[in-house]
Structure formats: C-alpha cells, structure tokens
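**Student:** Sharing run03.txt below, compact mmCIF, C-alpha atoms:
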```
# COMPACT_ATOMS: atom_id res chain seq x y z
CA MET A 15 -3.43 -46.44 -36.17
CA THR A 16 0.04 -45.28 -37.19
CA ARG A 17 0.21 -43.83 -40.69
CA THR A 18 2.88 -45.11 -43.08
CA TYR A 19 4.70 -42.53 -45.22
CA LEU A 20 7.29 -42.94 -47.96
CA VAL A 21 9.64 -39.99 -48.47
CA THR A 22 12.05 -39.85 -51.41
CA GLY A 23 15.17 -37.73 -51.08
CA SER A 24 15.21 -38.64 -47.39
CA ALA A 25 18.98 -38.39 -46.81
CA SER A 26 19.24 -34.60 -47.03
CA GLY A 27 17.47 -31.26 -47.40
CA ILE A 28 13.69 -31.05 -47.47
CA GLY A 29 13.35 -34.84 -47.53
CA ALA A 30 15.43 -35.30 -44.37
CA ALA A 31 13.53 -32.50 -42.61
CA THR A 32 10.24 -34.12 -43.61
CA VAL A 33 11.33 -37.53 -42.29
CA ASP A 34 12.39 -35.98 -38.97
CA TYR A 35 9.12 -34.06 -38.69
CA LEU A 36 6.98 -37.15 -39.35
CA ARG A 37 8.98 -39.50 -37.12
CA ASP A 38 8.91 -36.97 -34.27
CA ARG A 39 5.12 -37.21 -34.47
CA GLY A 40 5.05 -41.00 -34.34
CA ALA A 41 4.60 -41.85 -38.02
CA HIS A 42 6.16 -44.91 -39.62
CA VAL A 43 8.40 -43.48 -42.35
CA ILE A 44 10.20 -45.32 -45.13
CA GLY A 45 13.07 -43.20 -46.40
CA VAL A 46 14.30 -43.49 -49.98
CA ASP A 47 17.59 -42.10 -51.31
CA ARG A 48 20.82 -43.16 -52.99
CA HIS A 49 22.45 -43.62 -49.56
CA ARG A 50 21.58 -43.53 -45.85
CA ALA A 51 17.98 -44.66 -46.33
CA ASP A 52 15.66 -47.58 -45.72
CA ILE A 53 15.53 -48.10 -49.47
CA THR A 54 18.65 -47.18 -51.43
CA VAL A 55 17.96 -46.77 -55.14
CA ASP A 56 18.78 -44.43 -58.00
CA LEU A 57 15.57 -42.80 -59.27
CA ALA A 58 17.37 -41.74 -62.46
CA ALA A 59 17.28 -45.37 -63.65
CA ASP A 60 14.37 -47.64 -64.55
CA GLU A 61 15.91 -50.41 -62.42
CA GLY A 62 16.02 -48.14 -59.37
CA ARG A 63 12.41 -47.09 -59.88
CA ALA A 64 11.25 -50.72 -60.15
CA GLU A 65 13.28 -51.67 -57.08
CA LEU A 66 11.69 -48.79 -55.14
CA VAL A 67 8.24 -50.24 -55.79
CA ALA A 68 9.27 -53.81 -54.96
CA GLN A 69 11.03 -52.90 -51.70
CA THR A 70 8.23 -50.55 -50.65
CA ARG A 71 5.66 -53.29 -51.14
CA ASP A 72 7.60 -55.44 -48.66
CA LEU A 73 8.47 -52.73 -46.12
CA ALA A 74 4.98 -51.19 -46.13
CA HIS A 75 3.22 -54.59 -45.99
CA GLY A 76 1.17 -53.82 -49.10
CA ARG A 77 -0.20 -50.40 -48.11
CA LEU A 78 0.90 -46.77 -47.85
CA ASP A 79 -0.94 -43.81 -46.41
CA ALA A 80 1.18 -41.13 -48.07
CA VAL A 81 4.01 -40.55 -50.53
CA ILE A 82 6.09 -37.39 -50.35
CA ALA A 83 8.39 -37.15 -53.36
CA CYS A 84 11.26 -34.84 -52.40
CA ALA A 85 14.11 -36.42 -54.37
CA GLY A 86 15.76 -33.97 -56.69
CA VAL A 87 19.03 -32.75 -58.10
CA GLY A 88 20.06 -29.41 -59.55
CA LEU A 89 22.77 -30.27 -62.02
CA LEU A 90 23.42 -29.06 -65.55
CA ASP A 91 22.87 -32.63 -66.70
CA PRO A 92 19.97 -34.74 -68.01
CA VAL A 93 20.06 -36.67 -64.71
CA THR A 94 18.14 -33.71 -63.27
CA LEU A 95 15.24 -34.43 -65.64
CA LYS A 96 15.48 -38.16 -64.98
CA VAL A 97 15.26 -37.79 -61.20
CA ASN A 98 13.18 -34.65 -60.74
CA TYR A 99 10.48 -35.41 -63.29
CA PHE A 100 10.56 -39.01 -64.47
CA GLY A 101 11.63 -40.35 -61.07
CA ALA A 102 8.78 -38.54 -59.34
CA VAL A 103 6.22 -39.69 -61.90
CA ALA A 104 7.43 -43.30 -61.71
CA THR A 105 7.32 -43.18 -57.90
CA LEU A 106 3.71 -42.01 -57.84
CA GLU A 107 2.55 -44.32 -60.61
CA GLY A 108 4.37 -47.34 -59.18
CA LEU A 109 3.11 -46.79 -55.64
CA ARG A 110 -0.46 -45.94 -56.58
CA PRO A 111 -1.79 -49.44 -55.78
CA LEU A 112 -0.20 -49.29 -52.33
CA LEU A 113 -1.73 -45.85 -51.74
CA ALA A 114 -5.13 -47.16 -52.83
CA ALA A 115 -4.85 -49.78 -50.08
CA GLY A 116 -3.96 -47.13 -47.47
CA THR A 117 -6.12 -45.08 -45.15
CA ASP A 118 -7.03 -41.64 -46.52
CA PRO A 119 -4.12 -41.74 -49.00
CA ARG A 120 -2.19 -38.60 -49.87
CA ALA A 121 0.62 -37.70 -52.27
CA ALA A 122 2.81 -34.62 -52.52
CA VAL A 123 5.62 -33.67 -54.87
CA VAL A 124 8.22 -31.13 -53.82
CA SER A 125 9.97 -29.15 -56.53
CA SER A 126 12.88 -26.75 -56.59
CA PHE A 127 13.19 -23.15 -57.69
CA ALA A 128 14.00 -24.40 -61.20
CA ALA A 129 10.29 -24.94 -61.73
CA LEU A 130 9.89 -21.16 -61.75
CA LEU A 131 12.23 -20.63 -64.70
CA PRO A 132 11.23 -20.51 -68.38
CA SER A 133 10.98 -23.86 -70.12
CA ASN A 134 11.68 -25.44 -73.49
CA PRO A 135 8.39 -26.43 -75.19
CA ARG A 136 9.97 -29.49 -76.88
CA LEU A 137 11.24 -30.73 -73.53
CA VAL A 138 7.88 -30.18 -71.83
CA GLU A 139 6.03 -31.93 -74.67
CA ALA A 140 8.32 -34.98 -74.52
CA ALA A 141 8.11 -35.16 -70.72
CA LEU A 142 4.32 -34.91 -70.64
CA ALA A 143 4.14 -37.59 -73.33
CA GLY A 144 6.18 -39.86 -71.05
CA ASP A 145 8.96 -40.07 -73.64
CA GLU A 146 12.01 -40.09 -71.39
CA SER A 147 14.38 -40.90 -74.23
CA LYS A 148 13.24 -37.93 -76.33
CA ALA A 149 13.14 -35.58 -73.33
CA THR A 150 16.67 -36.61 -72.37
CA LYS A 151 17.86 -35.98 -75.92
CA VAL A 152 16.28 -32.49 -75.93
CA ALA A 153 17.91 -31.77 -72.56
CA GLU A 154 21.29 -32.94 -73.86
CA GLU A 155 20.94 -30.70 -76.93
CA ALA A 156 19.97 -27.74 -74.75
CA ILE A 157 22.95 -28.29 -72.50
CA ALA A 158 25.28 -28.57 -75.49
CA GLN A 159 23.90 -25.28 -76.80
CA ARG A 160 23.80 -23.81 -73.29
CA ASP A 161 20.14 -22.97 -73.80
CA HIS A 162 19.43 -21.16 -70.55
CA ARG A 163 15.68 -21.65 -71.00
CA THR A 164 16.15 -25.29 -69.96
CA THR A 165 19.51 -25.30 -68.20
CA PRO A 166 19.42 -22.79 -65.37
CA THR A 167 22.53 -21.96 -63.43
CA PRO A 168 21.75 -21.78 -59.71
CA ARG A 169 22.41 -18.32 -58.30
CA ARG A 170 22.44 -19.22 -54.63
CA SER A 171 22.29 -22.28 -52.50
CA THR A 172 19.18 -23.16 -50.57
CA HIS A 173 18.51 -25.41 -47.64
CA SER A 174 15.77 -26.67 -45.42
CA THR A 175 15.80 -27.49 -41.75
CA ALA A 176 13.46 -29.43 -39.55
CA GLY A 177 12.47 -26.10 -38.02
CA SER A 178 11.36 -24.68 -41.33
CA ALA A 179 9.28 -27.78 -42.02
CA ASP A 180 7.70 -27.48 -38.58
CA THR A 181 6.87 -23.78 -38.77
CA ARG A 182 5.96 -23.83 -42.45
CA SER A 183 8.22 -20.83 -43.01
CA PRO A 184 9.90 -20.74 -46.40
CA SER A 185 13.63 -21.31 -46.57
CA ASN A 186 13.71 -21.63 -50.31
CA GLY A 187 12.58 -19.43 -53.15
CA PRO A 188 13.62 -17.86 -56.40
CA ALA A 189 17.03 -16.26 -56.46
CA PRO A 190 17.10 -12.52 -56.96
CA ALA A 191 17.89 -11.42 -60.50
```
Take the structure in the file and write it out as structure tokens.

**Tutor:**
Amino acid sequence: MTRTYLVTGSASGIGAATVDYLRDRGAHVIGVDRHRADITVDLAADEGRAELVAQTRDLAHGRLDAVIACAGVGLLDPVTLKVNYFGAVATLEGLRPLLAAGTDPRAAVVSSFAALLPSNPRLVEAALAGDESKATKVAEEAIAQRDHRTTPTPRRSTHSTAGSADTRSPSNGPAPA
C-alpha cells in the first residue's frame, strides 16, 4: 500500500528535497507551502492553519501516514515565530486525527540553525504555554531592542539538495563564530 505523506515547506529547500525523495520512491505526497504546492496556505495565520487541516482531510481521504513539517523562515520578524513554532505545532495538532487513522503513523519536525542559539526565557515560556499573542509581543519587543538572544542575524546561507536528503549528509549547520 502506498504511504501518504504531508510535507510543509514543500516549495523550496529541505521541504522540496524531501518531496522529491519521497515521490521518487513511489510515495503519495501532499505538498504545503505559500505557493507552488498542492495546498497553498500561510502557516503564520490561524486561517491558513485551519485551511491546511481542511484541505488535507479531503486530499488524504481522511488518513495520513506521515507529516514532515519543514516550513520555516529566517527573518528578523515575529512571522518567524508564527511559522516556525506555532505553525508547526498547529500542523501536528490539527493533523493528529488523520495520522491516527494512518498506517504506522510518523511525524517529524525540521528546524533551522536558529534552534542552536541562546533563547529568551519569556519567549520560550509564552510559546510553550501556547500563548501566541504574548510570544509575538515578546518577539516584537526583542526585535525593537535588538536583543540578539532572540533575534539572530544569519551569518551564512544554507541550502539542501535532493542529494543531501538521499545520502543523509548534512548541508546545514551552525555558522562559524
């Protein structure tokens, strides 16, 4: 039986490489992104998150075997928090019933190098409490103050290719100091 996967961030980077890898091996893959995808939604918004669940239910015929959450941005903006954290959480929570109906369900979340940087305890507390409004406010304050504990400036660009997904060799990692 063909497994059904949902991959967020499917239009570029690690998400696109993952989609190619899975499709090359015969999987049914539902891609999710803001453009060039089976489901086009904005995971920074509640409406986009709800639409993701509704469209997935239809396209997956009520069941998923795996979710791979790759969607992410690296901007000095609260949208990064909204997509990278709250979007991923909403994706997994919203699709949980479809995963439960799948065969040997799996879920994976892909994060960027920013996860390796120091954090702001107030931001972490608000995020873990599920308080997106408060977390966004803390992020906005940190950006206004240029608090580098929560607003990293990327030092180099990173990329992923289908080859790196296939060979499991890293193409991404922390930037040198």

**Student:** Please identify all polymer residues within 6 Å of region 123-125 of chain A, counting only C-alpha atoms, omitting same-chain residues fewer than 4 positions from it, and present them as a count of residues only.

**Tutor:** 3

**Student:** Could you tell me which of A:Ser133, A:Thr22, A:Thr54, A:Asn98 comes closest to Gln69 (chain A) if we count only C-alpha atoms?

**Tutor:**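 The answer is A:Thr54, which sits nearest to Gln69 (chain A).
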
**Student:** Neighbours of region 141-152 of chain A within 8 Å (all atoms listed in the file; same-chain residues fewer than 5 positions away dropped), as JSON, numbers by chain?

**Tutor:** {"A": [92, 95, 96, 99, 100, 136]}

**Student:** Please measure the separation of CA of Val81 (chain A) and CA of Ala140 (chain A), giving the value in Å to one decimal.

**Tutor:**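 Separation of CA of Val81 (chain A) and CA of Ala140 (chain A): 25.0 Å.
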
**Student:** Just give me the gap between CA of Arg48 (chain A) and CA of Thr70 (chain A) in Å, one decimal is fine.

**Tutor:**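 Computing the Euclidean distance for CA of Arg48 (chain A) and CA of Thr70 (chain A) yields 14.8 Å.
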
**Student:** So the first atom is CA of Arg120 (chain A) and the second is CA of Arg17 (chain A); what is the distance between them in Å, to one decimal place?

**Tutor:**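 Interatomic distance, CA of Arg120 (chain A) to CA of Arg17 (chain A): 10.8 Å.
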
**Student:** Only C-alpha atoms, please: region 59-164 of chain A from the block, as an mmCIF file, in the first residue's frame.

**Tutor:**
```cif
data_model
loop_
_atom_site.group_PDB
_atom_site.id
_atom_site.type_symbol
_atom_site.label_atom_id
_atom_site.label_comp_id
_atom_site.auth_asym_id
_atom_site.auth_seq_id
_atom_site.Cartn_x
_atom_site.Cartn_y
_atom_site.Cartn_z
ATOM 1 C CA ALA A 59 -2.076 32.810 10.208
ATOM 2 C CA ASP A 60 -4.796 30.905 12.061
ATOM 3 C CA GLU A 61 -6.891 30.861 8.874
ATOM 4 C CA GLY A 62 -4.072 29.232 6.912
ATOM 5 C CA ARG A 63 -3.551 26.613 9.599
ATOM 6 C CA ALA A 64 -7.270 25.744 9.655
ATOM 7 C CA GLU A 65 -7.360 25.597 5.857
ATOM 8 C CA LEU A 66 -4.353 23.240 5.882
ATOM 9 C CA VAL A 67 -6.277 20.776 8.029
ATOM 10 C CA ALA A 68 -9.478 21.051 5.977
ATOM 11 C CA GLN A 69 -7.742 20.614 2.603
ATOM 12 C CA THR A 70 -5.560 17.786 3.895
ATOM 13 C CA ARG A 71 -8.616 15.911 5.126
ATOM 14 C CA ASP A 72 -10.001 16.000 1.577
ATOM 15 C CA LEU A 73 -6.755 15.301 -0.319
ATOM 16 C CA ALA A 74 -5.658 12.499 2.021
ATOM 17 C CA HIS A 75 -9.130 10.911 2.145
ATOM 18 C CA GLY A 76 -9.231 11.051 5.943
ATOM 19 C CA ARG A 77 -5.856 9.444 6.709
ATOM 20 C CA LEU A 78 -2.148 10.274 6.701
ATOM 21 C CA ASP A 79 0.817 8.017 7.284
ATOM 22 C CA ALA A 80 3.336 10.769 7.998
ATOM 23 C CA VAL A 81 3.731 14.512 8.464
ATOM 24 C CA ILE A 82 7.072 16.176 7.854
ATOM 25 C CA ALA A 83 6.969 19.802 8.983
ATOM 26 C CA CYS A 84 9.732 21.639 7.120
ATOM 27 C CA ALA A 85 8.118 25.066 6.694
ATOM 28 C CA GLY A 86 10.227 27.810 8.152
ATOM 29 C CA VAL A 87 11.513 31.320 7.678
ATOM 30 C CA GLY A 88 14.584 33.081 8.998
ATOM 31 C CA LEU A 89 13.562 36.702 9.219
ATOM 32 C CA LEU A 90 14.121 39.298 11.913
ATOM 33 C CA ASP A 91 10.357 39.434 12.325
ATOM 34 C CA PRO A 92 7.711 37.777 14.534
ATOM 35 C CA VAL A 93 6.497 35.895 11.434
ATOM 36 C CA THR A 94 9.449 33.569 12.060
ATOM 37 C CA LEU A 95 7.952 32.551 15.417
ATOM 38 C CA LYS A 96 4.474 32.283 13.916
ATOM 39 C CA VAL A 97 5.559 29.922 11.131
ATOM 40 C CA ASN A 98 8.482 28.035 12.660
ATOM 41 C CA TYR A 99 6.935 27.290 16.041
ATOM 42 C CA PHE A 100 3.200 27.956 16.118
ATOM 43 C CA GLY A 101 2.688 26.832 12.515
ATOM 44 C CA ALA A 102 4.475 23.544 13.175
ATOM 45 C CA VAL A 103 2.558 22.915 16.399
ATOM 46 C CA ALA A 104 -0.784 23.707 14.740
ATOM 47 C CA THR A 105 0.074 21.417 11.813
ATOM 48 C CA LEU A 106 0.825 18.466 14.088
ATOM 49 C CA GLU A 107 -2.108 19.068 16.415
ATOM 50 C CA GLY A 108 -4.561 19.646 13.564
ATOM 51 C CA LEU A 109 -3.461 16.586 11.604
ATOM 52 C CA ARG A 110 -3.223 14.240 14.574
ATOM 53 C CA PRO A 111 -6.626 12.612 13.904
ATOM 54 C CA LEU A 112 -5.609 11.912 10.300
ATOM 55 C CA LEU A 113 -2.323 10.411 11.484
ATOM 56 C CA ALA A 114 -4.188 8.236 13.986
ATOM 57 C CA ALA A 115 -6.168 6.808 11.052
ATOM 58 C CA GLY A 116 -2.972 6.084 9.081
ATOM 59 C CA THR A 117 -0.752 3.030 8.941
ATOM 60 C CA ASP A 118 2.220 3.165 11.326
ATOM 61 C CA PRO A 119 1.960 6.969 11.605
ATOM 62 C CA ARG A 120 5.064 9.126 11.908
ATOM 63 C CA ALA A 121 5.773 12.825 12.409
ATOM 64 C CA ALA A 122 8.975 14.828 12.064
ATOM 65 C CA VAL A 123 9.744 18.496 12.537
ATOM 66 C CA VAL A 124 12.717 20.073 10.803
ATOM 67 C CA SER A 125 14.302 23.116 12.406
ATOM 68 C CA SER A 126 16.960 25.577 11.341
ATOM 69 C CA PHE A 127 20.282 26.553 12.849
ATOM 70 C CA ALA A 128 18.464 29.220 14.881
ATOM 71 C CA ALA A 129 17.413 26.486 17.287
ATOM 72 C CA LEU A 130 21.048 26.262 18.390
ATOM 73 C CA LEU A 131 21.237 29.885 19.505
ATOM 74 C CA PRO A 132 20.515 31.204 23.018
ATOM 75 C CA SER A 133 16.876 31.928 23.781
ATOM 76 C CA ASN A 134 14.755 34.415 25.684
ATOM 77 C CA PRO A 135 13.078 32.698 28.675
ATOM 78 C CA ARG A 136 9.948 34.884 28.418
ATOM 79 C CA LEU A 137 9.546 33.952 24.774
ATOM 80 C CA VAL A 138 10.036 30.240 25.463
ATOM 81 C CA GLU A 139 7.564 30.339 28.360
ATOM 82 C CA ALA A 140 4.881 32.040 26.252
ATOM 83 C CA ALA A 141 5.440 29.669 23.323
ATOM 84 C CA LEU A 142 5.274 26.538 25.474
ATOM 85 C CA ALA A 143 2.104 27.882 27.092
ATOM 86 C CA GLY A 144 0.579 28.173 23.622
ATOM 87 C CA ASP A 145 0.167 31.937 24.038
ATOM 88 C CA GLU A 146 0.944 33.114 20.522
ATOM 89 C CA SER A 147 -0.146 36.676 21.238
ATOM 90 C CA LYS A 148 2.207 37.034 24.215
ATOM 91 C CA ALA A 149 5.073 35.265 22.434
ATOM 92 C CA THR A 150 4.656 37.562 19.435
ATOM 93 C CA LYS A 151 4.699 40.605 21.711
ATOM 94 C CA VAL A 152 7.924 39.408 23.401
ATOM 95 C CA ALA A 153 9.468 38.807 19.976
ATOM 96 C CA GLU A 154 8.452 42.285 18.817
ATOM 97 C CA GLU A 155 9.989 43.826 21.950
ATOM 98 C CA ALA A 156 13.196 41.848 21.453
ATOM 99 C CA ILE A 157 13.438 42.958 17.849
ATOM 100 C CA ALA A 158 12.837 46.584 18.829
ATOM 101 C CA GLN A 159 15.624 46.292 21.402
ATOM 102 C CA ARG A 160 17.740 44.214 19.006
ATOM 103 C CA ASP A 161 18.046 41.543 21.679
ATOM 104 C CA HIS A 162 20.368 39.124 19.924
ATOM 105 C CA ARG A 163 19.387 36.326 22.305
ATOM 106 C CA THR A 164 16.099 36.011 20.386
#
```
